[in-house]
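S.K.: Take a look at this one; I'll ask things after.
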Amino acid sequence: MDIAALREEFAKTHTEGQALISTASKEGRELTALEQEANEKRFARCDLIRKLINEAERFAKLSLDNGTAITAKEPAERAEFDASEGRQFFAGADGKFNLEGYRTALLQYVQTGRGPSQLFTLTTGTQSGAFLPKQVLQPVTVRRLQNCFRAVLAAYNQVPMELDVVSNFSLPVEDDTANVGQSLSESATSGTVLDPTETGAISISPTLWDSKARWFSNTVVKAQGFDILGYALPMLLQRIEKAQEVSWNTAIVTNGTVGKTLASPTAITYAELLDWEHSLAPAYRNDYAYAVSDSLYRALRGLVDSQSRPILDQDPTNVFAGKIHGHPVIINEQAQTLAANHVCGALISAGAIKIVDIMDARLLLYTNYSERPDQTGLQVMQNGDAGFVYNGISLLKSAIS
């Protein structure tokens with residue numbers, strides 16, 4: 001099965017059908033019986049081609065398990081091109097960024113080591129790579145839990161801050177909860193100054209995060225129809241997010257305040273849960289989430305209120321919602337277990353999380369490495385950092401014994 005030929009046939013058939021419909025529309029008429037029959041045949045052929053290509057892609061992905069992927073010819077449209085030709089991949093007629101063109105060039109670079117290096121390649125004595133705009137990624141599911149701090153933001157439709165320059169900076173933190181305004185006479189001749197309380201500043205120092213290298217045989221990299229970028233990039237970026245989770249969890253445990261200490265090392269009561277909730281300042285209780293260890297989550301699932309109702313909410317259709325009092329419960333894999341003297345959970349306000357991502361992660365490409373013959377290595381680097389308003393975080397700790 002020549003996938004390249006099938007794709008060319010699909011494009012040709014599709015173009016012919018579109019041209020026929022366009023012509024009839026311009027002439028202000030419907031398709032004739034013969035034209036309609038010809039288009040039905042085109043639809044059937046396009047459906048068959050699409051099915052064949054999808055099946056080929058599925059078998060190519062399965063080759064990761066047994067190493068039997070078939071090496072494909074390099075498609076003509078991915079042949080080597082110079083910088084002037086390469087520019088057509090990145091800017092359309094309207095001058096806007098051409099996403100699919102960039103993906104095509106990037107995939108060619110990974111598979112062959114060739115591409116418009118003047119446009120996106122970074123080269124040093126030991127490695128080379130490409131910048132990765134966020135849009136290059138496809139929505140691929142990776143079997144891991146999301147970074148819990150990013151999950152808290154996502155639960156309230158908030159997103160991290162994004163910068164295109166690596167630089168250190170500070171975010172001022174002010175507490176204005178004790179201050180209120182006043183009614184004022186229309187004939188007032190003076191005003192009142194009332195400054196908020198300065199409670200410090202969050203220092204952001206974009207750290208360089210490394211996914212560690214993932215190696216593939218060149219048989220897999222060049223497999224017909226296999227999108228090596230769509231497979232590898234989400235996995236590598238998740239590694240970075242989980243490394244960030246480890247670091248950020250250490251920060252909140254070190255600098256945060258324990259709002260509630262349990263009476264037992266291995267159990268929690270409903271009254272203790274309420275005490276924990278109310279240890280968080282009211283100003284931060286509109287958008288908080290429970291970031292808990294899996295063992296604490298297990299204990300919460302079995303917890304009932306004073307009327308023997310499960311505290312984990314259900315929605316009106318009786319579907320389990322994973323919320324307590326309307327606030328999401330999120331697993332933090334870095335939190336300690338529900339055991340003696342452990343910090344096993346945190347109430348975290350989404351507004352207290354300040355994540356900064358430096359735009360354009362870097363994909364590093366390794367080839368011709370003597371200890372890994374006929375293999376290609378992929379590795380992602382990205383700068384970023386996070387800071388926290390600790391007044392918006394309340395930790396839960398189990399009893400010492």
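Going through the structure tokens in order, the chains are called A, B, and so on, while each chain numbers its residues from 1 and the ligands are numbered from 1 in the order shown.
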Please extract the residues of segment 135-225 of chain A with a backbone DSSP assignment of strand (DSSP E) and present them as a ChimeraX atom specification.

M.R.: /A:161-163,169-175,197-204,207-210,214-217

S.K.: Any chance you can output those residues with C-alpha atoms as a short mmCIF file (atom, residue, chain, number, x, y, z; two decimals), in the first residue's frame?

M.R.:
data_model
loop_
_atom_site.label_atom_id
_atom_site.label_comp_id
_atom_site.auth_asym_id
_atom_site.auth_seq_id
_atom_site.Cartn_x
_atom_site.Cartn_y
_atom_site.Cartn_z
CA MET A 161 0.96 33.62 32.52
CA GLU A 162 3.01 33.38 29.34
CA LEU A 163 6.11 35.38 28.46
CA PHE A 169 10.77 39.56 37.98
CA SER A 170 8.63 40.07 41.07
CA LEU A 171 4.87 40.12 41.53
CA PRO A 172 3.79 42.41 44.40
CA VAL A 173 1.40 40.91 46.94
CA GLU A 174 -0.93 43.23 48.84
CA ASP A 175 -3.66 42.42 51.38
CA THR A 197 -0.96 46.00 53.62
CA GLU A 198 2.22 44.98 51.84
CA THR A 199 2.65 41.26 52.50
CA GLY A 200 5.70 40.67 50.32
CA ALA A 201 6.32 39.80 46.72
CA ILE A 202 6.50 36.63 44.65
CA SER A 203 9.88 36.19 42.96
CA ILE A 204 9.73 34.50 39.57
CA THR A 207 13.96 27.60 35.74
CA LEU A 208 15.16 25.42 32.86
CA TRP A 209 13.19 22.15 32.91
CA ASP A 210 14.30 19.01 31.08
CA ARG A 214 13.28 9.54 24.66
CA TRP A 215 14.88 7.34 22.01
CA PHE A 216 13.18 5.71 19.02
CA SER A 217 14.55 3.35 16.40
#

S.K.: If you run DSSP on this backbone, which residues of segment 101-336 of chain A come out as helix (DSSP H, G or I), and could you give them as an MDAnalysis selection string?

M.R.: chainID A and resid 101:112 117:120 134:136 148:155 218:221 228:255 270:278 282:284 294:301

S.K.: Could you work out how far atom CA of Pro133 of chain A lies from atom CA of Tyr102 of chain A, giving the answer in Å with one decimal?

M.R.: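 We find that atom CA of Tyr102 of chain A and atom CA of Pro133 of chain A lie 9.5 Å from each other.
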
S.K.: Pick the closest to Val258 of chain A from A:Leu365, A:Leu229, A:Leu52, A:Leu396: which is it, counting only C-alpha atoms?

M.R.: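 Ranked by minimum distance to Val258 of chain A, first place goes to A:Leu396.
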
S.K.: Need to verify the contact set: segment 386-388 of chain A, 8 Å, only C-alpha atoms, exclusion of same-chain residues closer than 5 positions in sequence. Can you return it as a ChimeraX atom specification?

M.R.: /A:202-204,248,252,352-356

S.K.: Mind checking which residues fall within 7 Å of Pro206 of chain A, counting only C-alpha atoms, ignoring those fewer than 6 positions away in the same chain, and posting them as a count of residues only?

M.R.: 6

S.K.: So that I can check the surroundings of Ala271 of chain A, please list as a count of residues only every protein, DNA and RNA residue that reaches within 9 Å of it, counting only C-alpha atoms and ignoring chain neighbours fewer than 3 positions away.

M.R.: 6

S.K.: To one decimal in Å, tell me the separation between atom CA of Gln382 of chain A and atom CA of Ala361 of chain A.

M.R.: 4.6 Å

S.K.: Report as a list in words all protein, DNA and RNA residues lying within 12 Å of Thr32 of chain A, evaluated on only C-alpha atoms, omitting residues in the same chain fewer than 4 positions from it.

M.R.: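 Here the answer would be Leu20, Ile21, Thr23, Ala24, Gln36, Glu37, Ala38 and Asn39 of chain A.
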
S.K.: Using only C-alpha atoms, which residue out of A:Val329, A:Leu378, A:Ile311, A:Ser264 lies closest to Tyr288 of chain A?

M.R.: A:Val329

S.K.: Excluding Leu338 of chain A and its own-chain neighbours fewer than 2 positions away, which residues fall within 9 Å of it when counting only C-alpha atoms? Please give them as a list in words.

M.R.: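 Here the answer would be Pro265, Thr266, Ala267, Ser293, Asp294, Ser295, Leu296, Ala299, Gln336, Ala340, Asn341, His342, Val343, Cys344, Gly345, Lys397 and Ser398 of chain A.
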
S.K.: For the residues selected in the previous step, produce a file with C-alpha atoms as a JSON list (two decimals), in the first residue's frame.

M.R.:
[["chain", "number", "residue", "atom", "x", "y", "z"],
["A", 265, "PRO", "CA", -2.77, 9.64, 61.85],
["A", 266, "THR", "CA", -4.95, 7.66, 59.43],
["A", 267, "ALA", "CA", -8.47, 9.10, 59.49],
["A", 293, "SER", "CA", -2.91, 12.50, 48.20],
["A", 294, "ASP", "CA", -4.62, 9.43, 46.83],
["A", 295, "SER", "CA", -4.93, 7.88, 50.31],
["A", 296, "LEU", "CA", -6.61, 11.01, 51.68],
["A", 299, "ALA", "CA", -10.71, 8.52, 53.10],
["A", 336, "GLN", "CA", 2.28, 12.52, 51.40],
["A", 340, "ALA", "CA", 1.52, 9.73, 60.98],
["A", 341, "ASN", "CA", 2.88, 13.29, 60.84],
["A", 342, "HIS", "CA", 2.34, 13.67, 57.08],
["A", 343, "VAL", "CA", 1.17, 16.73, 55.14],
["A", 344, "CYS", "CA", -1.40, 14.91, 53.04],
["A", 345, "GLY", "CA", -3.47, 17.71, 51.51],
["A", 397, "LYS", "CA", -1.49, 17.42, 58.50],
["A", 398, "SER", "CA", -2.17, 14.09, 60.19]]

S.K.: Could you work out how far atom CA of Asn391 of chain A lies from atom CA of Leu312 of chain A, giving the answer in Å with one decimal?

M.R.: 25.4 Å

S.K.: Would you mind telling me which residue in A:Ile400, A:Val193, A:Leu107, A:Val380 lies nearest to Gly230 of chain A when using only C-alpha atoms?

M.R.: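 Under the stated criterion, the closest residue is A:Leu107.
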
S.K.: Which one is closest to Gln111 of chain A: A:Ser22, A:Thr177, A:Gln334, A:Asn218? Count only C-alpha atoms.

M.R.: A:Asn218

S.K.: Considering only C-alpha atoms, can you say which of A:Gln18, A:Gln146, A:Gln182, A:Ser370 comes closest to Leu194 of chain A?

M.R.: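 Among the listed residues, A:Gln182 lies closest to Leu194 of chain A.
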
S.K.: Which of these residues is nearest to Ala339 of chain A, using only C-alpha atoms: A:Asp176, A:Gln158, A:Leu262, A:Ala5?

M.R.: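 Among A:Asp176, A:Gln158, A:Leu262, A:Ala5, it is A:Leu262 that comes nearest to Ala339 of chain A.
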